[in-house]
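K.L.:
Below are the structure tokens for one structure; questions will follow.
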Amino acid sequence: MATAEQQKPQEKQKSDIILKYLRPKKKFPSVWCAGCGNGVVMSAIIRAVDKLGLSRDEVVMVSGIGCTSRMPIYLDFSALHTTHGRALAFATGVKFAKPNLKVIVITGDGDALAIGGNHFIHACRRNIDINAILINNYIYGMTGGQGSPTTPSAAFSTTTPYGNAEKNFDPCKLAEAAGASYVARSTVYHAPQLEKAIVEAITHRGFSLVEVMSNCHTYYGRLNRRGDAVSMLKWFKDKSVTTAKASRMQPEELQDKWIVGTLYQDDKTEFCDEYQKLVDARQGAK
Ligand SMILES: Cc1ncc(C[n+]2csc(CCOP(=O)(O)OP(=O)(O)O)c2C)c(N)n1
Ligand code: SF4
Ligand SMILES: [Mg+2]
């Protein structure tokens with residue numbers, strides 16, 4: 001690796017941005033396996049926050065439990081590392097008490113959709129101004145590779161040794177149906193598009209979901225013969241179709257594909273704004 005002196009100015013500028021938002025060195029190395037997609041998502045979040053000119057104090061990151069959910073330990077924002085599945089409940093309290101802060105929830109497929117499934121649908125329903133970044137690696141990474149609500153049918157995990165007999169959730173469809181007002185999908189292969197989606201989601205007023213397809217090569221990759229981190233990224237590339245291309249394809253052709261890009265957006269009233277309107281109307285009536 002190049003030393004700080006050997007780095008070209010452009011590279012140095014990029015690494016300075018990353019370092020600006022990371023906690024001091026004693027928090028590193030991270031617990032993540034080498035090549036885990038979580039690192040790609042973390043750097044995309046940093047670039048997005050920097051692009052928006054937000055200071056570390058303007059952002060609160062809230063997480064539950066899981067490999068993914070350890071991210072607030074490494075990022076130097078105000079942070080709440082809460083209990084499994086409860087990140088959105090804590091985040092709702094933060095946003096309601098301090099509406100001017102940007103609240104980002106980082107969550108895994110297990111955290112958001114299994115134990116936290118109820119909090120997920122109700123946060124969407126309220127359309128509260130929280131940006132949820134759901135890292136979907138198709139598995140419970142932290143606890144050793146158990147199946148999650150997004151594990152595809154027939155896929156292997158430590159709890160589905162004969163293949164998964166269940167159907168999996170599509171978190172984007174679920175969020176849209178439950179009332180979220182911004183929904184996008186990306187992958188850790190598509191880093192610039194991921195950064196753009198996070199910028200849009202943070203800027204959007206209302207509940208936003210960015211689903212990021214990510215590699216857990218240690219469990220999902222190994223159990224399903226998807227190879228190492230690099231092989232999984234190639235698989236993500238082949239599996240993804242942009243929204244523009246998808247609009248020209250037949251439903252049968254899209255069956256095994258991930259559509260990446262902005263999937264849904266509307267401008268319905270956000271929860272804190274709606275609440276304030278009701279308070280003002282009631283006080284005006286007295
Ligand atoms: C109440 C409770 N139940 C179960 C657990 C064990 N547990 C910790 S993380 C986890 C699953 C994490 O999976 P996911 O959210 O997909 O995150 P990943 O590790 O894949 O990033 C489970 C079941 C826990 N910590 N607390
Ligand atoms: S177990 Fe999987 S999700 Fe967890 S750090 Fe390793 S590769 Fe990432
Ligand atoms: Mg997971």
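Ordering of the structure tokens sets the chain letters (A, B, ...), residue numbers begin anew at 1 in every chain, and ligands are numbered from 1 in the order given.
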Can you check which residues of region 32-279 of chain A DSSP gives as strand (DSSP E) on the backbone and send them as a VMD selection string?

P.N.:
chain A and resid 59 to 63 78 to 81 102 to 108 131 to 136 139 to 140 146 to 147 182 to 187 208 to 213 240 to 242 258 to 265

K.L.:
Print the selection's residues with C-alpha atoms to a file, as a PDB file, in the first residue's frame.

P.N.:
```
ATOM      1  CA  VAL A  59     -25.663  13.038  11.285  1.00  0.00           C
ATOM      2  CA  VAL A  60     -26.870  10.359  13.697  1.00  0.00           C
ATOM      3  CA  MET A  61     -26.321   6.732  12.757  1.00  0.00           C
ATOM      4  CA  VAL A  62     -28.493   4.125  14.434  1.00  0.00           C
ATOM      5  CA  SER A  63     -28.104   0.367  14.142  1.00  0.00           C
ATOM      6  CA  SER A  78     -23.348  10.543  16.824  1.00  0.00           C
ATOM      7  CA  ALA A  79     -24.323   6.913  17.210  1.00  0.00           C
ATOM      8  CA  LEU A  80     -26.752   4.504  18.793  1.00  0.00           C
ATOM      9  CA  HIS A  81     -25.820   0.821  18.571  1.00  0.00           C
ATOM     10  CA  LYS A 102     -30.088  13.606   9.520  1.00  0.00           C
ATOM     11  CA  VAL A 103     -30.872  10.144  10.865  1.00  0.00           C
ATOM     12  CA  ILE A 104     -29.370   7.176   9.033  1.00  0.00           C
ATOM     13  CA  VAL A 105     -30.248   3.624  10.035  1.00  0.00           C
ATOM     14  CA  ILE A 106     -27.866   0.894   8.993  1.00  0.00           C
ATOM     15  CA  THR A 107     -29.424  -2.542   9.190  1.00  0.00           C
ATOM     16  CA  GLY A 108     -29.077  -6.108   7.930  1.00  0.00           C
ATOM     17  CA  ASN A 131     -32.855   7.042   5.705  1.00  0.00           C
ATOM     18  CA  ALA A 132     -32.635   3.260   6.118  1.00  0.00           C
ATOM     19  CA  ILE A 133     -29.721   1.540   4.395  1.00  0.00           C
ATOM     20  CA  LEU A 134     -30.453  -2.175   4.362  1.00  0.00           C
ATOM     21  CA  ILE A 135     -27.425  -4.325   3.600  1.00  0.00           C
ATOM     22  CA  ASN A 136     -28.898  -7.483   2.143  1.00  0.00           C
ATOM     23  CA  ILE A 139     -28.039 -14.418   5.449  1.00  0.00           C
ATOM     24  CA  TYR A 140     -27.356 -13.886   9.170  1.00  0.00           C
ATOM     25  CA  GLN A 146     -28.519 -18.896   9.367  1.00  0.00           C
ATOM     26  CA  GLY A 147     -31.299 -18.270   6.820  1.00  0.00           C
ATOM     27  CA  TYR A 182     -38.268   6.819  -1.584  1.00  0.00           C
ATOM     28  CA  VAL A 183     -37.054   3.336  -2.510  1.00  0.00           C
ATOM     29  CA  ALA A 184     -33.850   2.443  -4.348  1.00  0.00           C
ATOM     30  CA  ARG A 185     -31.719  -0.647  -4.887  1.00  0.00           C
ATOM     31  CA  SER A 186     -28.000  -0.909  -5.514  1.00  0.00           C
ATOM     32  CA  THR A 187     -25.181  -3.392  -5.043  1.00  0.00           C
ATOM     33  CA  SER A 208     -36.268   6.329   2.369  1.00  0.00           C
ATOM     34  CA  LEU A 209     -34.944   2.826   1.832  1.00  0.00           C
ATOM     35  CA  VAL A 210     -31.751   1.974  -0.012  1.00  0.00           C
ATOM     36  CA  GLU A 211     -31.399  -1.788  -0.325  1.00  0.00           C
ATOM     37  CA  VAL A 212     -27.786  -2.744  -1.022  1.00  0.00           C
ATOM     38  CA  MET A 213     -27.080  -6.260  -2.267  1.00  0.00           C
ATOM     39  CA  SER A 240     -28.208  -6.519 -12.046  1.00  0.00           C
ATOM     40  CA  VAL A 241     -30.272  -4.598 -14.568  1.00  0.00           C
ATOM     41  CA  THR A 242     -30.739  -0.822 -14.494  1.00  0.00           C
ATOM     42  CA  TRP A 258     -32.069  -7.337  -9.449  1.00  0.00           C
ATOM     43  CA  ILE A 259     -33.379  -4.031 -10.780  1.00  0.00           C
ATOM     44  CA  VAL A 260     -30.967  -1.320  -9.622  1.00  0.00           C
ATOM     45  CA  GLY A 261     -31.694   2.402  -9.448  1.00  0.00           C
ATOM     46  CA  THR A 262     -34.513   4.515  -8.030  1.00  0.00           C
ATOM     47  CA  LEU A 263     -37.572   2.250  -7.899  1.00  0.00           C
ATOM     48  CA  TYR A 264     -40.138   4.537  -6.305  1.00  0.00           C
ATOM     49  CA  GLN A 265     -40.474   8.141  -5.149  1.00  0.00           C
TER      50      GLN A 265
END
```

K.L.:
As a PyMOL selection string, please: the residues near Leu113 (chain A) (cut-off 12 Å, only C-alpha atoms, same-chain neighbours under 4 positions excluded).

P.N.:
chain A and resi 64+84-88+107-109+117-122+134-136+138-140+147-151+168-172+174-175+211

K.L.:
Find, counting only C-alpha atoms and all ligand atoms, the residue in A:Arg225, A:Arg205, A:Lys12, A:His217 that gets nearest to ligand 1.

P.N.:
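That would be A:His217, the residue with the smallest distance to ligand 1.
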
K.L.:
Neighbours of ligand 2 within 10 Å, counting only C-alpha atoms and all ligand atoms, as number ranges by chain?

P.N.:
A: 30-39, 66-70, 108, 135-145, 214-221, 228-229

K.L.:
Name the residues of region 60-231 of chain A that fall into alpha helix (DSSP H) according to DSSP on the backbone, using the chain letters and numbers of this document, as a PyMOL selection string.

P.N.:
chain A and resi 71-74+87-97+109-113+117-126+171-178+191-203+222-223+229-231

K.L.:
Just want the 9 Å neighbourhood of Ile45 (chain A), counted on only C-alpha atoms, with same-chain residues fewer than 5 positions away dropped. Output as a list in words.

P.N.:
Val40, Asp50, Leu194, Glu195, Ile198 and Val199 of chain A

K.L.:
I need the residues from that last selection saved to file as a PDB file, in the first residue's frame (with C-alpha atoms), if you can.

P.N.:
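The resulting result.pdb:
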```
ATOM      1  CA  VAL A  40     -17.927  -0.655   0.291  1.00  0.00           C
ATOM      2  CA  ASP A  50     -19.270  14.635   2.359  1.00  0.00           C
ATOM      3  CA  LEU A 194     -24.839   3.409  -4.599  1.00  0.00           C
ATOM      4  CA  GLU A 195     -23.353   6.750  -3.544  1.00  0.00           C
ATOM      5  CA  ILE A 198     -27.600   7.470  -0.705  1.00  0.00           C
ATOM      6  CA  VAL A 199     -27.305  11.179  -1.599  1.00  0.00           C
TER       7      VAL A 199
END
```

K.L.:
Of the candidates A:Ser157, A:Gln10, A:Ser247, A:Thr269, which one gets nearest to ligand 3 if we count only C-alpha atoms and all ligand atoms?

P.N.:
A:Ser157
